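Asks: Data file model-v6.pdb (PDB, C-alpha atoms and all ligand atoms) is appended below.
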```pdb
ATOM      1  CA  MET A 249     -12.609   0.414   2.530  1.00  0.00           C
ATOM      2  CA  ALA A 250      -9.654  -0.690   4.573  1.00  0.00           C
ATOM      3  CA  LEU A 251      -8.768   1.208   7.715  1.00  0.00           C
ATOM      4  CA  SER A 252      -5.424   1.337   9.430  1.00  0.00           C
ATOM      5  CA  ILE A 253      -4.782   2.190  13.052  1.00  0.00           C
ATOM      6  CA  CYS A 254      -2.491   5.056  14.036  1.00  0.00           C
ATOM      7  CA  THR A 255       0.494   3.590  15.854  1.00  0.00           C
ATOM      8  CA  LYS A 256       0.763   6.676  18.066  1.00  0.00           C
ATOM      9  CA  CYS A 257      -2.777   7.433  19.247  1.00  0.00           C
ATOM     10  CA  GLY A 258      -4.839   4.469  17.984  1.00  0.00           C
ATOM     11  CA  THR A 259      -7.201   6.496  15.816  1.00  0.00           C
ATOM     12  CA  GLU A 260      -8.700   4.697  12.789  1.00  0.00           C
ATOM     13  CA  ILE A 261      -7.350   6.233   9.590  1.00  0.00           C
ATOM     14  CA  ALA A 262      -8.625   5.815   6.019  1.00  0.00           C
ATOM     15  CA  ALA A 263      -6.177   3.727   3.982  1.00  0.00           C
ATOM     16  CA  ARG A 264      -5.473   6.506   1.487  1.00  0.00           C
ATOM     17  CA  THR A 265      -4.703   9.096   4.170  1.00  0.00           C
ATOM     18  CA  SER A 266      -0.988   9.790   4.592  1.00  0.00           C
ATOM     19  CA  ALA A 267      -1.161  11.324   8.081  1.00  0.00           C
ATOM     20  CA  CYS A 268      -3.261  10.736  11.195  1.00  0.00           C
ATOM     21  CA  PRO A 269      -6.075  13.342  11.398  1.00  0.00           C
ATOM     22  CA  SER A 270      -5.955  13.210  15.189  1.00  0.00           C
ATOM     23  CA  CYS A 271      -2.257  13.531  16.039  1.00  0.00           C
ATOM     24  CA  GLY A 272      -0.675  14.216  12.650  1.00  0.00           C
ATOM     25  CA  LYS A 273       1.650  11.186  12.683  1.00  0.00           C
ATOM     26  CA  ALA A 274       2.651  10.038   9.188  1.00  0.00           C
ATOM     27  CA  VAL A 275       1.025   6.720   8.228  1.00  0.00           C
ATOM     28  CA  GLU A 276       2.562   4.045   6.024  1.00  0.00           C
ATOM     29  CA  ALA A 277       0.201   2.793   3.362  1.00  0.00           C
ATOM     30  CA  PRO A 278       0.138  -1.024   3.693  1.00  0.00           C
ATOM     31  CA  ASP A 279      -1.797  -1.731   0.458  1.00  0.00           C
ATOM     32  CA  ASP A 280       0.537   0.296  -1.719  1.00  0.00           C
ATOM     33  CA  ALA A 281       2.910  -1.928  -3.682  1.00  0.00           C
ATOM     34  CA  PRO A 282       6.581  -1.424  -2.808  1.00  0.00           C
ATOM     35  CA  PRO A 283       8.476   0.732  -5.368  1.00  0.00           C
ATOM     36  CA  ILE A 284      10.430  -2.258  -6.624  1.00  0.00           C
ATOM     37  CA  ARG A 285       7.189  -4.003  -7.647  1.00  0.00           C
ATOM     38  CA  LYS A 286       6.005  -0.936  -9.580  1.00  0.00           C
ATOM     39  CA  LEU A 287       9.416  -0.749 -11.240  1.00  0.00           C
ATOM     40  CA  SER A 288       9.325  -4.399 -12.336  1.00  0.00           C
ATOM     41  CA  GLY A 289       5.883  -3.791 -13.838  1.00  0.00           C
ATOM     42  CA  LYS A 290       7.375  -1.008 -15.951  1.00  0.00           C
ATOM     43  CA  PHE A 291      10.279  -3.261 -16.953  1.00  0.00           C
ATOM     44  CA  GLN A 292       7.800  -5.916 -18.075  1.00  0.00           C
ATOM     45  CA  ALA A 293       5.720  -3.417 -20.038  1.00  0.00           C
ATOM     46  CA  ALA A 294       8.862  -2.058 -21.729  1.00  0.00           C
ATOM     47  CA  GLY A 295      10.044  -5.612 -22.421  1.00  0.00           C
ATOM     48  CA  VAL A 296       6.735  -6.547 -24.074  1.00  0.00           C
ATOM     49  CA  LEU A 297       6.866  -3.374 -26.196  1.00  0.00           C
ATOM     50  CA  ILE A 298      10.466  -3.949 -27.294  1.00  0.00           C
ATOM     51  CA  LEU A 299       9.847  -7.658 -27.936  1.00  0.00           C
ATOM     52  CA  ALA A 300       6.734  -6.871 -30.010  1.00  0.00           C
ATOM     53  CA  SER A 301       8.664  -4.330 -32.107  1.00  0.00           C
ATOM     54  CA  ALA A 302      11.507  -6.830 -32.462  1.00  0.00           C
ATOM     55  CA  ILE A 303       9.126  -9.511 -33.782  1.00  0.00           C
ATOM     56  CA  VAL A 304       7.521  -7.055 -36.218  1.00  0.00           C
ATOM     57  CA  ALA A 305      10.974  -5.882 -37.344  1.00  0.00           C
ATOM     58  CA  THR A 306      12.183  -9.469 -37.755  1.00  0.00           C
ATOM     59  CA  VAL A 307       9.122 -10.396 -39.843  1.00  0.00           C
ATOM     60  CA  ALA A 308       9.678  -7.222 -41.889  1.00  0.00           C
ATOM     61  CA  GLY A 309      13.228  -8.431 -42.547  1.00  0.00           C
ATOM     62  CA  THR A 310      15.257  -5.679 -40.881  1.00  0.00           C
ATOM     63  CA  TRP A 311      18.787  -6.493 -39.676  1.00  0.00           C
ATOM     64  CA  TRP A 312      18.146  -4.949 -36.238  1.00  0.00           C
ATOM     65  CA  GLY A 313      14.975  -6.961 -35.547  1.00  0.00           C
ATOM     66  CA  PRO A 314      16.668 -10.066 -34.033  1.00  0.00           C
ATOM     67  CA  ALA A 315      19.204  -7.906 -32.167  1.00  0.00           C
ATOM     68  CA  MET A 316      16.374  -5.922 -30.578  1.00  0.00           C
ATOM     69  CA  ALA A 317      14.771  -9.089 -29.169  1.00  0.00           C
ATOM     70  CA  PHE A 318      17.592  -9.522 -26.642  1.00  0.00           C
ATOM     71  CA  PRO A 319      16.997  -6.348 -24.583  1.00  0.00           C
ATOM     72  CA  GLY A 320      13.262  -7.090 -24.794  1.00  0.00           C
ATOM     73  CA  VAL A 321      13.694 -10.562 -23.272  1.00  0.00           C
ATOM     74  CA  ALA A 322      16.169  -9.182 -20.706  1.00  0.00           C
ATOM     75  CA  LEU A 323      13.643  -6.543 -19.566  1.00  0.00           C
ATOM     76  CA  LEU A 324      10.883  -9.159 -19.391  1.00  0.00           C
ATOM     77  CA  LEU A 325      13.024 -11.417 -17.193  1.00  0.00           C
ATOM     78  CA  LEU A 326      14.039  -8.436 -15.055  1.00  0.00           C
ATOM     79  CA  GLY A 327      10.351  -7.615 -14.545  1.00  0.00           C
ATOM     80  CA  ARG A 328       9.615 -11.143 -13.339  1.00  0.00           C
ATOM     81  CA  LEU A 329      12.126 -11.006 -10.485  1.00  0.00           C
TER
HETATM   82 ZN    ZN A 401      -2.647   9.424  15.598  1.00  0.00          ZN
END
```
As structure tokens, what does this structure read like?

Replies:
Amino acid sequence: MALSICTKCGTEIAARTSACPSCGKAVEAPDDAPPIRKLSGKFQAAGVLILASAIVATVAGTWWGPAMAFPGVALLLLGRL
């Protein structure tokens, strides 16, 4: 388990703890992915879902199948940024 050091008093803090148990200073979690990374993961998941439905719809012969592939690809690319 990774430990971080309190920047105020130097106490070792468990990585999942949000505040220092000794002095109460808020601790940043270094192993947590930044929000933008989590967001791009969701974009990718949504893109895969939309693209999969678009392919199924295209094979099924619906008119909206090919049109639906575009937002799916766009979301996938957005998630890769
Ligand atoms: Zn502290």

Asks: Expand the PyMOL selection byres (((chain A and resi 300-305) around 10) and not hetatm) into the individual residues it matches in the shown file, reporting them as a short mmCIF file (atom, residue, chain, number, x, y, z; two decimals) with C-alpha atoms, keeping the file's coordinate frame.

Replies:
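Wrote it out as expr-v4.cif, contents follow:
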```cif
data_model
loop_
_atom_site.label_atom_id
_atom_site.label_comp_id
_atom_site.auth_asym_id
_atom_site.auth_seq_id
_atom_site.Cartn_x
_atom_site.Cartn_y
_atom_site.Cartn_z
CA ALA A 294 8.86 -2.06 -21.73
CA GLY A 295 10.04 -5.61 -22.42
CA VAL A 296 6.74 -6.55 -24.07
CA LEU A 297 6.87 -3.37 -26.20
CA ILE A 298 10.47 -3.95 -27.29
CA LEU A 299 9.85 -7.66 -27.94
CA THR A 306 12.18 -9.47 -37.76
CA VAL A 307 9.12 -10.40 -39.84
CA ALA A 308 9.68 -7.22 -41.89
CA GLY A 309 13.23 -8.43 -42.55
CA THR A 310 15.26 -5.68 -40.88
CA TRP A 311 18.79 -6.49 -39.68
CA TRP A 312 18.15 -4.95 -36.24
CA GLY A 313 14.98 -6.96 -35.55
CA PRO A 314 16.67 -10.07 -34.03
CA ALA A 315 19.20 -7.91 -32.17
CA MET A 316 16.37 -5.92 -30.58
CA ALA A 317 14.77 -9.09 -29.17
CA PHE A 318 17.59 -9.52 -26.64
CA PRO A 319 17.00 -6.35 -24.58
CA GLY A 320 13.26 -7.09 -24.79
#
```

Asks: Residues of chain A that approach ligand ZN 401 (chain A) to 12 Å or less, counting all atoms listed in the file: could you list each one with the shortest pair of atoms and its distance in Å to one decimal, rows by chain and increasing residue number, as JSON lines?

Replies:
```
{"residue": "A:Ser252", "atom": "CA", "partner": "A:ZN401", "partner_atom": "ZN", "distance": 10.5}
{"residue": "A:Ile253", "atom": "CA", "partner": "A:ZN401", "partner_atom": "ZN", "distance": 8.0}
{"residue": "A:Cys254", "atom": "CA", "partner": "A:ZN401", "partner_atom": "ZN", "distance": 4.6}
{"residue": "A:Thr255", "atom": "CA", "partner": "A:ZN401", "partner_atom": "ZN", "distance": 6.6}
{"residue": "A:Lys256", "atom": "CA", "partner": "A:ZN401", "partner_atom": "ZN", "distance": 5.0}
{"residue": "A:Cys257", "atom": "CA", "partner": "A:ZN401", "partner_atom": "ZN", "distance": 4.2}
{"residue": "A:Gly258", "atom": "CA", "partner": "A:ZN401", "partner_atom": "ZN", "distance": 5.9}
{"residue": "A:Thr259", "atom": "CA", "partner": "A:ZN401", "partner_atom": "ZN", "distance": 5.4}
{"residue": "A:Glu260", "atom": "CA", "partner": "A:ZN401", "partner_atom": "ZN", "distance": 8.2}
{"residue": "A:Ile261", "atom": "CA", "partner": "A:ZN401", "partner_atom": "ZN", "distance": 8.3}
{"residue": "A:Ala262", "atom": "CA", "partner": "A:ZN401", "partner_atom": "ZN", "distance": 11.9}
{"residue": "A:Thr265", "atom": "CA", "partner": "A:ZN401", "partner_atom": "ZN", "distance": 11.6}
{"residue": "A:Ser266", "atom": "CA", "partner": "A:ZN401", "partner_atom": "ZN", "distance": 11.1}
{"residue": "A:Ala267", "atom": "CA", "partner": "A:ZN401", "partner_atom": "ZN", "distance": 7.9}
{"residue": "A:Cys268", "atom": "CA", "partner": "A:ZN401", "partner_atom": "ZN", "distance": 4.6}
{"residue": "A:Pro269", "atom": "CA", "partner": "A:ZN401", "partner_atom": "ZN", "distance": 6.7}
{"residue": "A:Ser270", "atom": "CA", "partner": "A:ZN401", "partner_atom": "ZN", "distance": 5.0}
{"residue": "A:Cys271", "atom": "CA", "partner": "A:ZN401", "partner_atom": "ZN", "distance": 4.1}
{"residue": "A:Gly272", "atom": "CA", "partner": "A:ZN401", "partner_atom": "ZN", "distance": 6.0}
{"residue": "A:Lys273", "atom": "CA", "partner": "A:ZN401", "partner_atom": "ZN", "distance": 5.5}
{"residue": "A:Ala274", "atom": "CA", "partner": "A:ZN401", "partner_atom": "ZN", "distance": 8.3}
{"residue": "A:Val275", "atom": "CA", "partner": "A:ZN401", "partner_atom": "ZN", "distance": 8.7}
```

Asks: Decode the PyMOL selection byres (((chain A and resi 329) around 12) and not hetatm) for the given file into explicit residues and return them as an NGL selection string.

Replies: :A and (284-289 or 291-292 or 322-328)
